[in-house]
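Undergrad: Supplied structure: query16.cif, mmCIF, C-alpha atoms.
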```
data_structure
#
loop_
_atom_site.group_PDB
_atom_site.id
_atom_site.type_symbol
_atom_site.label_atom_id
_atom_site.label_comp_id
_atom_site.auth_asym_id
_atom_site.auth_seq_id
_atom_site.Cartn_x
_atom_site.Cartn_y
_atom_site.Cartn_z
ATOM 1 C CA MET A 1 10.499 -0.249 -0.495
ATOM 2 C CA THR A 2 8.303 0.940 2.296
ATOM 3 C CA PHE A 3 7.228 4.058 4.107
ATOM 4 C CA VAL A 4 8.706 4.878 7.506
ATOM 5 C CA VAL A 5 7.589 6.946 10.476
ATOM 6 C CA THR A 6 10.176 9.504 11.568
ATOM 7 C CA ASP A 7 11.094 11.888 14.393
ATOM 8 C CA ASN A 8 8.125 14.256 14.374
ATOM 9 C CA CYS A 9 5.664 11.473 15.270
ATOM 10 C CA ILE A 10 7.206 11.244 18.721
ATOM 11 C CA LYS A 11 4.857 12.731 21.344
ATOM 12 C CA CYS A 12 2.479 13.892 18.561
ATOM 13 C CA LYS A 13 1.032 10.494 17.590
ATOM 14 C CA TYR A 14 -1.988 11.893 15.777
ATOM 15 C CA MET A 15 -2.880 8.405 14.399
ATOM 16 C CA ASP A 16 -4.702 9.666 11.268
ATOM 17 C CA CYS A 17 -2.509 7.227 9.303
ATOM 18 C CA VAL A 18 -3.954 4.072 10.855
ATOM 19 C CA GLU A 19 -7.469 4.760 9.563
ATOM 20 C CA VAL A 20 -6.437 5.054 5.921
ATOM 21 C CA CYS A 21 -3.819 2.274 5.781
ATOM 22 C CA PRO A 22 -5.328 -0.510 3.642
ATOM 23 C CA VAL A 23 -3.069 -3.194 5.100
ATOM 24 C CA ASP A 24 -3.107 -2.330 8.822
ATOM 25 C CA CYS A 25 0.673 -2.126 9.070
ATOM 26 C CA PHE A 26 1.016 0.444 11.885
ATOM 27 C CA TYR A 27 2.305 -0.594 15.320
ATOM 28 C CA GLU A 28 1.988 1.499 18.441
ATOM 29 C CA GLY A 29 4.590 2.516 20.958
ATOM 30 C CA GLU A 30 3.955 4.570 24.067
ATOM 31 C CA ASN A 31 4.543 7.850 22.238
ATOM 32 C CA MET A 32 4.984 7.080 18.524
ATOM 33 C CA LEU A 33 3.878 4.725 15.761
ATOM 34 C CA VAL A 34 5.996 2.673 13.357
ATOM 35 C CA ILE A 35 5.326 0.909 10.033
ATOM 36 C CA HIS A 36 6.020 -2.802 9.568
ATOM 37 C CA PRO A 37 8.299 -2.926 6.514
ATOM 38 C CA ASP A 38 7.206 -6.415 5.455
ATOM 39 C CA GLU A 39 3.509 -5.516 5.533
ATOM 40 C CA CYS A 40 3.583 -2.035 3.959
ATOM 41 C CA ILE A 41 2.714 -2.221 0.260
ATOM 42 C CA ASP A 42 4.109 1.208 -0.515
ATOM 43 C CA CYS A 43 0.751 2.668 -1.543
ATOM 44 C CA GLY A 44 1.666 6.001 0.035
ATOM 45 C CA VAL A 45 -1.851 6.746 1.262
ATOM 46 C CA CYS A 46 -0.638 7.519 4.796
ATOM 47 C CA GLU A 47 2.027 10.064 3.857
ATOM 48 C CA PRO A 48 -0.200 13.089 3.128
ATOM 49 C CA GLU A 49 -2.580 12.153 5.966
ATOM 50 C CA CYS A 50 0.007 12.776 8.697
ATOM 51 C CA PRO A 51 -0.641 16.199 10.259
ATOM 52 C CA ALA A 52 2.954 16.187 11.550
ATOM 53 C CA ASP A 53 4.543 15.285 8.174
ATOM 54 C CA ALA A 54 6.316 12.461 9.953
ATOM 55 C CA ILE A 55 5.918 9.765 7.260
ATOM 56 C CA SER A 56 8.395 9.449 4.388
ATOM 57 C CA ALA A 57 9.347 6.968 1.688
ATOM 58 C CA ASP A 58 12.404 4.962 2.728
ATOM 59 C CA THR A 59 14.051 5.946 -0.551
ATOM 60 C CA GLU A 60 14.584 9.464 0.764
ATOM 61 C CA PRO A 61 18.188 10.006 1.866
ATOM 62 C CA GLY A 62 19.240 9.918 5.506
ATOM 63 C CA LEU A 63 16.461 7.692 6.793
ATOM 64 C CA GLU A 64 18.482 4.503 7.354
ATOM 65 C CA SER A 65 18.293 4.727 11.149
ATOM 66 C CA TRP A 66 14.510 5.271 10.967
ATOM 67 C CA VAL A 67 14.125 2.276 8.640
ATOM 68 C CA ARG A 68 15.879 0.161 11.287
ATOM 69 C CA LEU A 69 13.866 1.650 14.152
ATOM 70 C CA ASN A 70 10.549 1.011 12.361
ATOM 71 C CA ALA A 71 11.504 -2.613 11.642
ATOM 72 C CA GLU A 72 12.764 -3.222 15.181
ATOM 73 C CA TYR A 73 9.705 -1.915 17.019
ATOM 74 C CA ALA A 74 7.073 -3.112 14.511
ATOM 75 C CA ALA A 75 8.159 -6.600 15.543
ATOM 76 C CA VAL A 76 7.412 -6.036 19.244
ATOM 77 C CA TRP A 77 4.777 -3.293 19.586
ATOM 78 C CA PRO A 78 1.013 -4.030 19.247
ATOM 79 C CA ASN A 79 -0.900 -3.445 16.001
ATOM 80 C CA ILE A 80 -3.086 -0.339 15.811
ATOM 81 C CA THR A 81 -5.871 0.121 13.249
ATOM 82 C CA ILE A 82 -8.301 2.395 15.090
ATOM 83 C CA LYS A 83 -7.490 6.042 15.751
ATOM 84 C CA ARG A 84 -7.844 7.368 19.299
ATOM 85 C CA GLU A 85 -7.477 10.865 20.732
ATOM 86 C CA PRO A 86 -3.941 12.171 20.224
ATOM 87 C CA PRO A 87 -1.995 13.265 23.325
ATOM 88 C CA ALA A 88 -3.354 16.501 24.821
ATOM 89 C CA ASP A 89 0.013 18.228 24.306
ATOM 90 C CA ALA A 90 0.530 16.913 20.738
ATOM 91 C CA LYS A 91 0.440 20.391 19.207
ATOM 92 C CA ALA A 92 3.078 21.712 21.582
ATOM 93 C CA PHE A 93 5.517 19.001 20.457
ATOM 94 C CA ASP A 94 4.752 19.282 16.727
ATOM 95 C CA GLY A 95 7.935 20.512 15.060
ATOM 96 C CA VAL A 96 10.246 20.219 18.076
ATOM 97 C CA ALA A 97 13.702 19.170 16.836
ATOM 98 C CA ASN A 98 15.438 15.883 17.699
ATOM 99 C CA LYS A 99 12.679 14.281 19.687
ATOM 100 C CA LEU A 100 14.280 10.828 19.368
ATOM 101 C CA GLY A 101 17.153 11.711 21.706
ATOM 102 C CA GLN A 102 14.967 13.531 24.234
ATOM 103 C CA TYR A 103 11.589 11.826 24.336
ATOM 104 C CA PHE A 104 11.469 8.464 22.526
ATOM 105 C CA SER A 105 9.959 5.628 24.573
ATOM 106 C CA ALA A 106 10.639 2.002 23.701
ATOM 107 C CA ASN A 107 7.608 0.908 25.732
ATOM 108 C CA PRO A 108 4.698 -0.560 23.796
ATOM 109 C CA GLY A 109 1.484 1.403 23.371
ATOM 110 C CA GLN A 110 -1.973 0.010 24.108
ATOM 111 C CA GLY A 111 -2.809 -1.074 20.531
ATOM 112 C CA ASP A 112 -6.389 -1.715 19.420
ATOM 113 C CA MET B 113 -7.076 14.753 -30.098
ATOM 114 C CA THR B 114 -9.907 15.440 -27.672
ATOM 115 C CA VAL B 115 -10.702 13.242 -24.729
ATOM 116 C CA ALA B 116 -14.319 12.157 -24.340
ATOM 117 C CA ALA B 117 -16.102 14.204 -21.673
ATOM 118 C CA ASP B 118 -16.806 11.168 -19.527
ATOM 119 C CA LYS B 119 -13.050 10.531 -19.307
ATOM 120 C CA LEU B 120 -12.427 13.833 -17.552
ATOM 121 C CA ASP B 121 -14.250 12.976 -14.355
ATOM 122 C CA PRO B 122 -12.120 13.004 -11.238
ATOM 123 C CA VAL B 123 -11.687 9.586 -9.657
ATOM 124 C CA SER B 124 -14.953 8.421 -8.126
ATOM 125 C CA GLU B 125 -16.303 5.201 -6.669
ATOM 126 C CA ASP B 126 -18.218 4.732 -9.936
ATOM 127 C CA GLY B 127 -15.083 5.231 -11.997
ATOM 128 C CA ILE B 128 -13.217 2.688 -9.868
ATOM 129 C CA ARG B 129 -16.015 0.140 -10.333
ATOM 130 C CA ARG B 130 -15.937 0.603 -14.102
ATOM 131 C CA LEU B 131 -12.158 0.290 -14.129
ATOM 132 C CA VAL B 132 -12.104 -2.864 -12.023
ATOM 133 C CA ASP B 133 -14.899 -4.515 -14.023
ATOM 134 C CA ALA B 134 -13.256 -3.711 -17.369
ATOM 135 C CA PHE B 135 -9.807 -4.739 -16.118
ATOM 136 C CA TYR B 136 -10.910 -8.189 -14.971
ATOM 137 C CA VAL B 137 -12.666 -8.811 -18.292
ATOM 138 C CA LYS B 138 -9.193 -8.392 -19.826
ATOM 139 C CA VAL B 139 -7.539 -10.545 -17.151
ATOM 140 C CA ARG B 140 -9.978 -13.395 -17.731
ATOM 141 C CA ALA B 141 -9.195 -13.319 -21.458
ATOM 142 C CA ASP B 142 -5.420 -13.139 -20.997
ATOM 143 C CA PRO B 143 -3.516 -16.375 -21.725
ATOM 144 C CA ALA B 144 -0.892 -15.745 -19.018
ATOM 145 C CA LEU B 145 -3.077 -14.343 -16.216
ATOM 146 C CA ALA B 146 -6.400 -16.135 -16.728
ATOM 147 C CA PRO B 147 -5.288 -19.578 -15.476
ATOM 148 C CA ILE B 148 -3.629 -18.093 -12.355
ATOM 149 C CA PHE B 149 -6.781 -16.177 -11.418
ATOM 150 C CA ALA B 150 -9.078 -19.061 -12.369
ATOM 151 C CA ARG B 151 -7.319 -21.322 -9.852
ATOM 152 C CA ALA B 152 -7.493 -18.683 -7.122
ATOM 153 C CA ILE B 153 -11.092 -17.603 -7.710
ATOM 154 C CA ARG B 154 -12.756 -20.747 -9.150
ATOM 155 C CA SER B 155 -16.367 -19.685 -9.808
ATOM 156 C CA ASP B 156 -17.832 -16.528 -8.270
ATOM 157 C CA TRP B 157 -15.869 -13.407 -9.250
ATOM 158 C CA GLN B 158 -18.112 -10.855 -7.523
ATOM 159 C CA PRO B 159 -16.517 -11.136 -4.051
ATOM 160 C CA HIS B 160 -13.091 -10.506 -5.620
ATOM 161 C CA LEU B 161 -14.386 -7.567 -7.673
ATOM 162 C CA THR B 162 -16.065 -6.062 -4.612
ATOM 163 C CA LYS B 163 -12.812 -6.399 -2.676
ATOM 164 C CA MET B 164 -10.930 -4.687 -5.500
ATOM 165 C CA TYR B 165 -13.424 -1.782 -5.593
ATOM 166 C CA ALA B 166 -12.663 -1.307 -1.892
ATOM 167 C CA PHE B 167 -8.895 -1.672 -2.401
ATOM 168 C CA TRP B 168 -8.653 0.958 -5.141
ATOM 169 C CA SER B 169 -11.058 3.197 -3.241
ATOM 170 C CA SER B 170 -8.686 3.031 -0.257
ATOM 171 C CA VAL B 171 -5.635 3.706 -2.399
ATOM 172 C CA MET B 172 -7.022 6.450 -4.682
ATOM 173 C CA LEU B 173 -9.696 8.063 -2.514
ATOM 174 C CA THR B 174 -8.213 7.429 0.964
ATOM 175 C CA THR B 175 -11.499 5.970 2.181
ATOM 176 C CA GLY B 176 -10.037 3.180 4.325
ATOM 177 C CA ARG B 177 -12.679 0.847 2.834
ATOM 178 C CA TYR B 178 -10.253 -2.031 2.238
ATOM 179 C CA LYS B 179 -8.609 -3.833 5.116
ATOM 180 C CA GLY B 180 -6.592 -6.897 4.272
ATOM 181 C CA ASN B 181 -3.213 -8.530 3.815
ATOM 182 C CA PRO B 182 -2.390 -8.644 0.107
ATOM 183 C CA VAL B 183 1.136 -9.984 0.710
ATOM 184 C CA ALA B 184 -0.228 -13.083 2.446
ATOM 185 C CA LYS B 185 -2.893 -13.544 -0.252
ATOM 186 C CA HIS B 186 -0.286 -13.478 -3.025
ATOM 187 C CA LEU B 187 2.119 -15.791 -1.189
ATOM 188 C CA ILE B 188 -0.336 -18.683 -1.487
ATOM 189 C CA VAL B 189 -1.013 -18.268 -5.229
ATOM 190 C CA PRO B 190 0.449 -21.289 -7.074
ATOM 191 C CA ASP B 191 2.785 -20.544 -10.037
ATOM 192 C CA ILE B 192 2.971 -16.812 -9.332
ATOM 193 C CA LYS B 193 5.998 -15.311 -11.134
ATOM 194 C CA PRO B 194 7.620 -11.864 -11.340
ATOM 195 C CA GLU B 195 6.861 -11.503 -15.068
ATOM 196 C CA LEU B 196 3.124 -11.967 -14.408
ATOM 197 C CA PHE B 197 3.223 -8.685 -12.502
ATOM 198 C CA GLU B 198 4.490 -6.939 -15.658
ATOM 199 C CA ARG B 199 1.622 -8.402 -17.660
ATOM 200 C CA TRP B 200 -0.852 -7.379 -14.962
ATOM 201 C CA LEU B 201 0.510 -3.814 -14.980
ATOM 202 C CA ALA B 202 0.325 -3.553 -18.782
ATOM 203 C CA LEU B 203 -3.326 -4.637 -18.831
ATOM 204 C CA PHE B 204 -4.177 -2.390 -15.894
ATOM 205 C CA ASP B 205 -2.573 0.639 -17.534
ATOM 206 C CA ALA B 206 -4.351 -0.090 -20.843
ATOM 207 C CA THR B 207 -7.685 -0.268 -19.013
ATOM 208 C CA CYS B 208 -7.011 2.970 -17.117
ATOM 209 C CA ARG B 209 -6.271 4.742 -20.416
ATOM 210 C CA GLU B 210 -9.599 3.560 -21.809
ATOM 211 C CA GLN B 211 -11.472 4.757 -18.732
ATOM 212 C CA PHE B 212 -9.733 7.943 -17.625
ATOM 213 C CA ASP B 213 -7.864 11.001 -18.880
ATOM 214 C CA ASN B 214 -4.048 10.991 -18.994
ATOM 215 C CA ALA B 215 -3.443 12.545 -15.592
ATOM 216 C CA THR B 216 -5.781 10.129 -13.820
ATOM 217 C CA SER B 217 -4.324 7.144 -15.693
ATOM 218 C CA GLU B 218 -0.847 8.242 -14.649
ATOM 219 C CA ALA B 219 -1.928 8.499 -11.010
ATOM 220 C CA PHE B 220 -3.245 4.925 -11.142
ATOM 221 C CA ARG B 221 -0.164 3.663 -12.993
ATOM 222 C CA ILE B 222 2.246 5.150 -10.435
ATOM 223 C CA LYS B 223 0.331 3.634 -7.497
ATOM 224 C CA ALA B 224 -0.033 0.254 -9.216
ATOM 225 C CA GLU B 225 3.681 0.070 -10.068
ATOM 226 C CA ARG B 226 4.758 0.874 -6.518
ATOM 227 C CA ILE B 227 2.379 -1.653 -5.017
ATOM 228 C CA ALA B 228 3.436 -4.309 -7.552
ATOM 229 C CA GLU B 229 7.110 -3.676 -6.771
ATOM 230 C CA SER B 230 6.531 -4.053 -3.054
ATOM 231 C CA LEU B 231 4.514 -7.254 -3.566
ATOM 232 C CA LYS B 232 7.276 -8.627 -5.809
ATOM 233 C CA LEU B 233 9.898 -7.803 -3.181
ATOM 234 C CA ALA B 234 7.816 -9.517 -0.504
ATOM 235 C CA LEU B 235 7.277 -12.599 -2.665
ATOM 236 C CA PHE B 236 10.525 -13.049 -4.540
ATOM 237 C CA TYR B 237 13.352 -11.076 -2.942
ATOM 238 C CA ARG B 238 16.121 -13.229 -1.518
ATOM 239 C CA PRO B 239 19.301 -11.578 -0.230
ATOM 240 C CA GLU B 240 21.504 -14.053 -2.094
ATOM 241 C CA ARG B 241 19.855 -13.552 -5.500
ATOM 242 C CA PRO B 242 20.063 -10.646 -7.956
ATOM 243 C CA TRP B 243 17.283 -8.044 -7.945
ATOM 244 C CA PRO B 244 15.292 -7.444 -10.099
ATOM 245 C CA PRO B 245 14.834 -11.170 -10.755
ATOM 246 C CA GLU B 246 15.647 -12.480 -14.217
ATOM 247 C CA PRO B 247 12.751 -14.139 -16.075
ATOM 248 C CA ALA B 248 12.821 -17.926 -15.989
ATOM 249 C CA PRO B 249 14.429 -19.410 -19.159
#
```
Turn the structure described in the file into structure tokens.
TA:
Amino acid sequence: MTFVVTDNCIKCKYMDCVEVCPVDCFYEGENMLVIHPDECIDCGVCEPECPADAISADTEPGLESWVRLNAEYAAVWPNITIKREPPADAKAFDGVANKLGQYFSANPGQGD
Amino acid sequence: MTVAADKLDPVSEDGIRRLVDAFYVKVRADPALAPIFARAIRSDWQPHLTKMYAFWSSVMLTTGRYKGNPVAKHLIVPDIKPELFERWLALFDATCREQFDNATSEAFRIKAERIAESLKLALFYRPERPWPPEPAP
């Protein structure tokens, strides 16, 4: 079991989660974060910290594609443990539907 | 039955320190767990206790005080077995109930069980074997 980052992180990327994660298991893409499933210890600390409500337990139904996406990109994106400024237009994208299809970037972020 | 007033405190750094200290007194007296920890820690327990204060502070108070890789740390422990996690959880829950009120103990128990399950999966899960693992005969 693990937690996964889902659609509403895309283009919001508030990064509050990385400060509280005890095991530094967040990885940064250009416009979203993912959780490394083999490093997450399921403590759940990050879930309520996300201002965009984008983090869920992988036991919730319908998240299979997000579980795969988190695992795939956690293996190639850089680790992030220190929060930076979120994107200037984060608020405007908070709550926009289906951001994966429209905005997701597979490019790595800058990491720590 | 009334709960002692000092058990009704919300979780605090002090409460976590008392919990961790009392828990590891039990661990060091436990026939199953003591030898495992003794091999991993050898002589000075304080660095481990300090790390555990930070860990539970991060988990229960969201302070971000602990940063580490518990999966890697557990992978190198000789003779670690799934059933030792059950023993660990039982002692931890008993200690929580001595230190805290029911709601706080429950909050610790739920976190501890989830973390233990994820550590067990990381350490022992193999796609070709049944899960949960059966105790060794």
Undergrad: Residues of chain A within 9 Å of chain B, counting all atoms listed in the file - could you list those as an MDAnalysis selection string?
TA: chainID A and resid 1:2 18:24 38:46 49
Undergrad: Could you name the residues that touch Leu100 of chain A at 8 Å or less, counting all atoms listed in the file, but leaving out those on the same chain fewer than 2 positions away, as a list of chain:residue names?
TA: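 With the cut-off at 8 Å, the set is A:Asp7, A:Ile10, A:Asn98, A:Gln102, A:Tyr103, A:Phe104.
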Undergrad: Atom CA of Cys9 of chain A and atom CA of Ala90 of chain A are how many Å apart?
TA: 9.3 Å
Undergrad: State, in Å with one decimal place, the distance from atom CA of Phe220 of chain B to atom CA of Pro48 of chain A.
TA: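 Computing it gives 16.7 Å between the two atoms.
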Undergrad: Carefully work through the PyMOL selection byres ((chain A and resi 12-16) around 12) for this structure and note down the residues it includes, as a VMD selection string.
TA: (chain A and resid 5 to 11 17 to 21 26 to 35 45 to 55 80 to 96 99 103 to 104 109 111 to 112) or (chain B and resid 174 to 176)
Undergrad: Can you list, as JSON, numbers by chain, every protein, DNA or RNA residue that comes within 12 Å of segment 146-149 of chain B when you count all atoms listed in the file, leaving out same-chain residues fewer than 2 positions away?
TA: {"B": [135, 136, 137, 138, 139, 140, 141, 142, 143, 144, 151, 152, 153, 154, 155, 156, 157, 160, 186, 188, 189, 190, 191, 192, 193, 196, 197, 199, 200]}
Undergrad: To one decimal place, how far is atom CA of Glu240 of chain B from atom CA of Glu195 of chain B in Å?
TA: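 Here the two named atoms are 19.7 Å from each other.
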Undergrad: Applying the PyMOL selection byres ((chain B and resi 129) around 10) to the file I just gave you, which residues come out? Please list them as a list of chain:residue names.
TA: B:Ser124, B:Glu125, B:Asp126, B:Gly127, B:Ile128, B:Arg130, B:Leu131, B:Val132, B:Asp133, B:Ala134, B:Phe135, B:Leu161, B:Thr162, B:Met164, B:Tyr165, B:Ala166, B:Trp168, B:Ser169
Undergrad: At most 9 Å from (-6.8, 13.6, -11.3), file frame, all atoms listed in the file: which residues, as a ChimeraX atom specification?
TA: /B:120-123,212-219
Undergrad: Emit as JSON the padded axis-aligned box for all listed atoms of segment 184-188 of chain B, 4 Å per side, with centre and edge lengths in Å to one decimal.
TA:
```
{"center_x": -0.4, "center_y": -15.9, "center_z": -0.3, "size_x": 13.0, "size_y": 13.6, "size_z": 13.5}
```
Undergrad: Hey, could you patch up segment 187-210 of chain B with N, CA, C and O atoms and hand it over as a PDB file, keeping the file's coordinate frame?
TA:
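New file out.pdb:
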```pdb
ATOM      1  N   LEU B 187       1.144 -14.730  -1.517  1.00  0.00           N
ATOM      2  CA  LEU B 187       2.119 -15.791  -1.189  1.00  0.00           C
ATOM      3  C   LEU B 187       1.561 -17.187  -1.446  1.00  0.00           C
ATOM      4  O   LEU B 187       2.319 -18.131  -1.717  1.00  0.00           O
ATOM      5  N   ILE B 188       0.237 -17.341  -1.350  1.00  0.00           N
ATOM      6  CA  ILE B 188      -0.336 -18.683  -1.487  1.00  0.00           C
ATOM      7  C   ILE B 188      -0.841 -18.965  -2.911  1.00  0.00           C
ATOM      8  O   ILE B 188      -1.437 -20.008  -3.157  1.00  0.00           O
ATOM      9  N   VAL B 189      -0.569 -18.038  -3.845  1.00  0.00           N
ATOM     10  CA  VAL B 189      -1.013 -18.268  -5.229  1.00  0.00           C
ATOM     11  C   VAL B 189      -0.017 -19.196  -5.931  1.00  0.00           C
ATOM     12  O   VAL B 189       1.160 -18.859  -6.060  1.00  0.00           O
ATOM     13  N   PRO B 190      -0.477 -20.381  -6.396  1.00  0.00           N
ATOM     14  CA  PRO B 190       0.449 -21.289  -7.074  1.00  0.00           C
ATOM     15  C   PRO B 190       0.933 -20.687  -8.400  1.00  0.00           C
ATOM     16  O   PRO B 190       0.172 -19.992  -9.081  1.00  0.00           O
ATOM     17  N   ASP B 191       2.195 -20.940  -8.741  1.00  0.00           N
ATOM     18  CA  ASP B 191       2.785 -20.544 -10.037  1.00  0.00           C
ATOM     19  C   ASP B 191       2.894 -19.028 -10.229  1.00  0.00           C
ATOM     20  O   ASP B 191       3.019 -18.555 -11.355  1.00  0.00           O
ATOM     21  N   ILE B 192       2.822 -18.272  -9.174  1.00  0.00           N
ATOM     22  CA  ILE B 192       2.971 -16.812  -9.332  1.00  0.00           C
ATOM     23  C   ILE B 192       4.434 -16.510  -9.676  1.00  0.00           C
ATOM     24  O   ILE B 192       5.345 -17.124  -9.124  1.00  0.00           O
ATOM     25  N   LYS B 193       4.642 -15.610 -10.647  1.00  0.00           N
ATOM     26  CA  LYS B 193       5.998 -15.311 -11.134  1.00  0.00           C
ATOM     27  C   LYS B 193       6.157 -13.806 -11.320  1.00  0.00           C
ATOM     28  O   LYS B 193       5.178 -13.112 -11.611  1.00  0.00           O
ATOM     29  N   PRO B 194       7.408 -13.317 -11.191  1.00  0.00           N
ATOM     30  CA  PRO B 194       7.620 -11.864 -11.340  1.00  0.00           C
ATOM     31  C   PRO B 194       7.078 -11.321 -12.662  1.00  0.00           C
ATOM     32  O   PRO B 194       6.486 -10.232 -12.697  1.00  0.00           O
ATOM     33  N   GLU B 195       7.261 -12.061 -13.767  1.00  0.00           N
ATOM     34  CA  GLU B 195       6.861 -11.503 -15.068  1.00  0.00           C
ATOM     35  C   GLU B 195       5.341 -11.367 -15.196  1.00  0.00           C
ATOM     36  O   GLU B 195       4.849 -10.577 -16.003  1.00  0.00           O
ATOM     37  N   LEU B 196       4.589 -12.117 -14.369  1.00  0.00           N
ATOM     38  CA  LEU B 196       3.124 -11.967 -14.408  1.00  0.00           C
ATOM     39  C   LEU B 196       2.693 -10.593 -13.889  1.00  0.00           C
ATOM     40  O   LEU B 196       1.659 -10.060 -14.287  1.00  0.00           O
ATOM     41  N   PHE B 197       3.523 -10.031 -12.993  1.00  0.00           N
ATOM     42  CA  PHE B 197       3.223  -8.685 -12.502  1.00  0.00           C
ATOM     43  C   PHE B 197       3.347  -7.664 -13.626  1.00  0.00           C
ATOM     44  O   PHE B 197       2.582  -6.704 -13.684  1.00  0.00           O
ATOM     45  N   GLU B 198       4.322  -7.867 -14.528  1.00  0.00           N
ATOM     46  CA  GLU B 198       4.490  -6.939 -15.658  1.00  0.00           C
ATOM     47  C   GLU B 198       3.274  -7.014 -16.575  1.00  0.00           C
ATOM     48  O   GLU B 198       2.777  -5.998 -17.054  1.00  0.00           O
ATOM     49  N   ARG B 199       2.803  -8.225 -16.814  1.00  0.00           N
ATOM     50  CA  ARG B 199       1.622  -8.402 -17.660  1.00  0.00           C
ATOM     51  C   ARG B 199       0.398  -7.746 -17.006  1.00  0.00           C
ATOM     52  O   ARG B 199      -0.379  -7.067 -17.670  1.00  0.00           O
ATOM     53  N   TRP B 200       0.255  -7.978 -15.718  1.00  0.00           N
ATOM     54  CA  TRP B 200      -0.852  -7.379 -14.962  1.00  0.00           C
ATOM     55  C   TRP B 200      -0.813  -5.858 -15.100  1.00  0.00           C
ATOM     56  O   TRP B 200      -1.824  -5.216 -15.398  1.00  0.00           O
ATOM     57  N   LEU B 201       0.375  -5.276 -14.916  1.00  0.00           N
ATOM     58  CA  LEU B 201       0.510  -3.814 -14.980  1.00  0.00           C
ATOM     59  C   LEU B 201       0.174  -3.282 -16.369  1.00  0.00           C
ATOM     60  O   LEU B 201      -0.455  -2.228 -16.502  1.00  0.00           O
ATOM     61  N   ALA B 202       0.597  -4.006 -17.413  1.00  0.00           N
ATOM     62  CA  ALA B 202       0.325  -3.553 -18.782  1.00  0.00           C
ATOM     63  C   ALA B 202      -1.182  -3.536 -19.043  1.00  0.00           C
ATOM     64  O   ALA B 202      -1.715  -2.573 -19.618  1.00  0.00           O
ATOM     65  N   LEU B 203      -1.872  -4.579 -18.628  1.00  0.00           N
ATOM     66  CA  LEU B 203      -3.326  -4.637 -18.831  1.00  0.00           C
ATOM     67  C   LEU B 203      -4.043  -3.574 -17.996  1.00  0.00           C
ATOM     68  O   LEU B 203      -5.002  -2.953 -18.449  1.00  0.00           O
ATOM     69  N   PHE B 204      -3.550  -3.377 -16.780  1.00  0.00           N
ATOM     70  CA  PHE B 204      -4.177  -2.390 -15.894  1.00  0.00           C
ATOM     71  C   PHE B 204      -4.018  -0.989 -16.483  1.00  0.00           C
ATOM     72  O   PHE B 204      -4.978  -0.208 -16.535  1.00  0.00           O
ATOM     73  N   ASP B 205      -2.818  -0.682 -16.959  1.00  0.00           N
ATOM     74  CA  ASP B 205      -2.573   0.639 -17.534  1.00  0.00           C
ATOM     75  C   ASP B 205      -3.426   0.843 -18.789  1.00  0.00           C
ATOM     76  O   ASP B 205      -4.009   1.913 -18.990  1.00  0.00           O
ATOM     77  N   ALA B 206      -3.530  -0.201 -19.626  1.00  0.00           N
ATOM     78  CA  ALA B 206      -4.351  -0.090 -20.843  1.00  0.00           C
ATOM     79  C   ALA B 206      -5.808   0.190 -20.473  1.00  0.00           C
ATOM     80  O   ALA B 206      -6.475   1.021 -21.109  1.00  0.00           O
ATOM     81  N   THR B 207      -6.293  -0.476 -19.435  1.00  0.00           N
ATOM     82  CA  THR B 207      -7.685  -0.268 -19.013  1.00  0.00           C
ATOM     83  C   THR B 207      -7.873   1.149 -18.462  1.00  0.00           C
ATOM     84  O   THR B 207      -8.873   1.804 -18.761  1.00  0.00           O
ATOM     85  N   CYS B 208      -6.924   1.608 -17.659  1.00  0.00           N
ATOM     86  CA  CYS B 208      -7.011   2.970 -17.117  1.00  0.00           C
ATOM     87  C   CYS B 208      -7.101   3.983 -18.254  1.00  0.00           C
ATOM     88  O   CYS B 208      -7.873   4.944 -18.190  1.00  0.00           O
ATOM     89  N   ARG B 209      -6.291   3.771 -19.308  1.00  0.00           N
ATOM     90  CA  ARG B 209      -6.271   4.742 -20.416  1.00  0.00           C
ATOM     91  C   ARG B 209      -7.582   4.732 -21.187  1.00  0.00           C
ATOM     92  O   ARG B 209      -7.961   5.745 -21.779  1.00  0.00           O
ATOM     93  N   GLU B 210      -8.261   3.600 -21.183  1.00  0.00           N
ATOM     94  CA  GLU B 210      -9.599   3.560 -21.809  1.00  0.00           C
ATOM     95  C   GLU B 210     -10.642   4.279 -20.961  1.00  0.00           C
ATOM     96  O   GLU B 210     -11.622   4.796 -21.480  1.00  0.00           O
TER      97      GLU B 210
END
```
